Amino acid sequence: MVTAIHRQRFDAMGSSCELRLSAPNAAAAEALAARAIAEVRRIETKYSRYRPDSIVSRINAAAGQAPVACDSETMALIDYAAALFSASGGLFDITSGVLRRAWDFRQPRVPDADTLGPLLALVGWRHVQCDRQQVQLMQAGMELDFGGFGKEYAADRAAAVLIEAGVHHGYVNLGGDMRFIGPRPDGQPWQIGIQDPRNPQATVASIPISCGALTTSGDYERYFDLDGVRYCHILDPRTGMPVRYWRSVSVMAPMAVAAGSCSTIAMLKQQEGHTFLKTSDMGYLAIDEHGQTLYRNL
């Protein structure tokens, strides 16, 4: 059966998103896309910190009070967060989302120590207690935030839905977090441009990719410049201050959650990020604060 690539654009998780998938006709493509988008919406509804009925909001609301019962999917993500905390030497900490209260990247203002101090006291994975079926934040005011890998997880899940439905060619793109289902119908790889972190209209590389995932973390998504210094949304949980060493880190991996976690950890490790990337099994393209490009296996 002859197939063609169809495109479906939609908004989710605060981002512009896109599906490209092979299908025999537009009606079939629309039905397949609807299933994948429904899975993205399910994950957004379940884990968004902006929805009071989400499991994350319920855990946060019960901080310092009582444990909250969680299903197996949520506990698996909690376990993954614990593994990231360990792999990053404590830098990837999903309790650090509380620091966003101090930062508004729409305005060029750096919070003072009196603002950051009380929030830093609420950061600490050691204060998360969990067993097989429940999670508790031990200090009132603590928060969990799955934003560090939520879109990547949704991209993987949406791709899984399409693969299970028989799609062999295409990809899922959730705001730049990409999971590939297979090459173009003619067998050629997709050519994916890596954005220049200092010029939104330009790319620094074009990467051929047919399967796996490609994600990018950078200092150009949410930021402000003040007195010649760039302050981005990726915050060091030890200080509450933005990281500064890397302009962007792009990583290729079999799964989007792995690629995104690796790129974020490299950003958080700053000067030590390149050593971390080199010891991983993943391909990467990283641009440091001076504009130097470092890469492997792309």
# chains A, B, ... in the order shown; residues from 1 in each chain; ligands from 1
call {"tool": "closest_atom_pairs", "arguments": {"of": "range 141-247 of chain A", "to": "range 101-112 of chain A", "cutoff": "10 Å", "atoms": "only C-alpha atoms", "output": "JSON lines"}}
result
{"residue": "A:Glu221", "atom": "CA", "partner": "A:Phe105", "partner_atom": "CA", "distance": 9.9}
{"residue": "A:Arg222", "atom": "CA", "partner": "A:Phe105", "partner_atom": "CA", "distance": 6.1}
{"residue": "A:Tyr223", "atom": "CA", "partner": "A:Phe105", "partner_atom": "CA", "distance": 5.3}
{"residue": "A:Phe224", "atom": "CA", "partner": "A:Pro108", "partner_atom": "CA", "distance": 5.6}
{"residue": "A:Asp225", "atom": "CA", "partner": "A:Pro108", "partner_atom": "CA", "distance": 6.7}
{"residue": "A:Leu226", "atom": "CA", "partner": "A:Pro108", "partner_atom": "CA", "distance": 6.1}
{"residue": "A:Asp227", "atom": "CA", "partner": "A:Pro108", "partner_atom": "CA", "distance": 9.6}
{"residue": "A:Arg230", "atom": "CA", "partner": "A:Pro108", "partner_atom": "CA", "distance": 9.7}
{"residue": "A:Tyr231", "atom": "CA", "partner": "A:Phe105", "partner_atom": "CA", "distance": 8.1}
{"residue": "A:Cys232", "atom": "CA", "partner": "A:Phe105", "partner_atom": "CA", "distance": 7.6}
{"residue": "A:His233", "atom": "CA", "partner": "A:Phe105", "partner_atom": "CA", "distance": 7.3}
{"residue": "A:Leu235", "atom": "CA", "partner": "A:Trp103", "partner_atom": "CA", "distance": 9.8}
{"residue": "A:Gly240", "atom": "CA", "partner": "A:Ala102", "partner_atom": "CA", "distance": 8.6}
{"residue": "A:Met241", "atom": "CA", "partner": "A:Val110", "partner_atom": "CA", "distance": 8.8}
{"residue": "A:Pro242", "atom": "CA", "partner": "A:Trp103", "partner_atom": "CA", "distance": 9.8}
call {"tool": "residues_around", "arguments": {"residues": "Ala253 in chain A", "least_positions_apart": "2", "cutoff": "7 Å", "atoms": "only C-alpha atoms", "output": "PDB file with C-alpha atoms, in the first residue's frame"}}
result
ATOM      1  CA  GLY A 212      15.645   7.213  18.372  1.00  0.00           C
ATOM      2  CA  ALA A 213      15.352  10.699  19.783  1.00  0.00           C
ATOM      3  CA  LEU A 214      16.895  14.160  19.611  1.00  0.00           C
ATOM      4  CA  VAL A 251      21.702  14.854  22.545  1.00  0.00           C
ATOM      5  CA  MET A 255      14.456   7.430  23.938  1.00  0.00           C
ATOM      6  CA  ALA A 256      13.505  11.081  24.331  1.00  0.00           C
ATOM      7  CA  ALA A 258      17.124   9.678  28.063  1.00  0.00           C
ATOM      8  CA  ALA A 259      18.210  12.331  25.563  1.00  0.00           C
ATOM      9  CA  MET A 282      25.027   9.142  23.338  1.00  0.00           C
TER      10      MET A 282
END
call {"tool": "select_by_dssp", "arguments": {"residues": "range 28-185 of chain A", "states": "alpha helix (DSSP H)", "output": "PyMOL selection string"}}
result
chain A and resi 28-47+55-61+72-87+113-120+150-164
call {"tool": "select_by_dssp", "arguments": {"residues": "range 95-234 of chain A", "states": "strand (DSSP E)", "output": "ChimeraX atom specification"}}
result
/A:128-130,134-137,170-174,177-182,190-196,199-209,212-218,223-226,229-232
call {"tool": "closest_residue", "arguments": {"among": "A:Met142, A:Val123, A:Ile265, A:Ala29", "to": "Gly89 in chain A", "atoms": "only C-alpha atoms"}}
result
A:Ile265
call {"tool": "residues_around", "arguments": {"residues": "Leu298 in chain A", "least_positions_apart": "6", "cutoff": "8 Å", "atoms": "only C-alpha atoms", "output": "list in words"}}
result
Ile207, Pro208, Met252, Gly283, Tyr284 and Leu285 of chain A
call {"tool": "residues_around", "arguments": {"residues": "Pro67 in chain A", "least_positions_apart": "3", "cutoff": "8 Å", "atoms": "only C-alpha atoms", "output": "count of residues only"}}
result
6
call {"tool": "closest_residue", "arguments": {"among": "A:Ser88, A:Asn173, A:Gln292, A:Gln191", "to": "Met267 in chain A", "atoms": "only C-alpha atoms"}}
result
A:Ser88
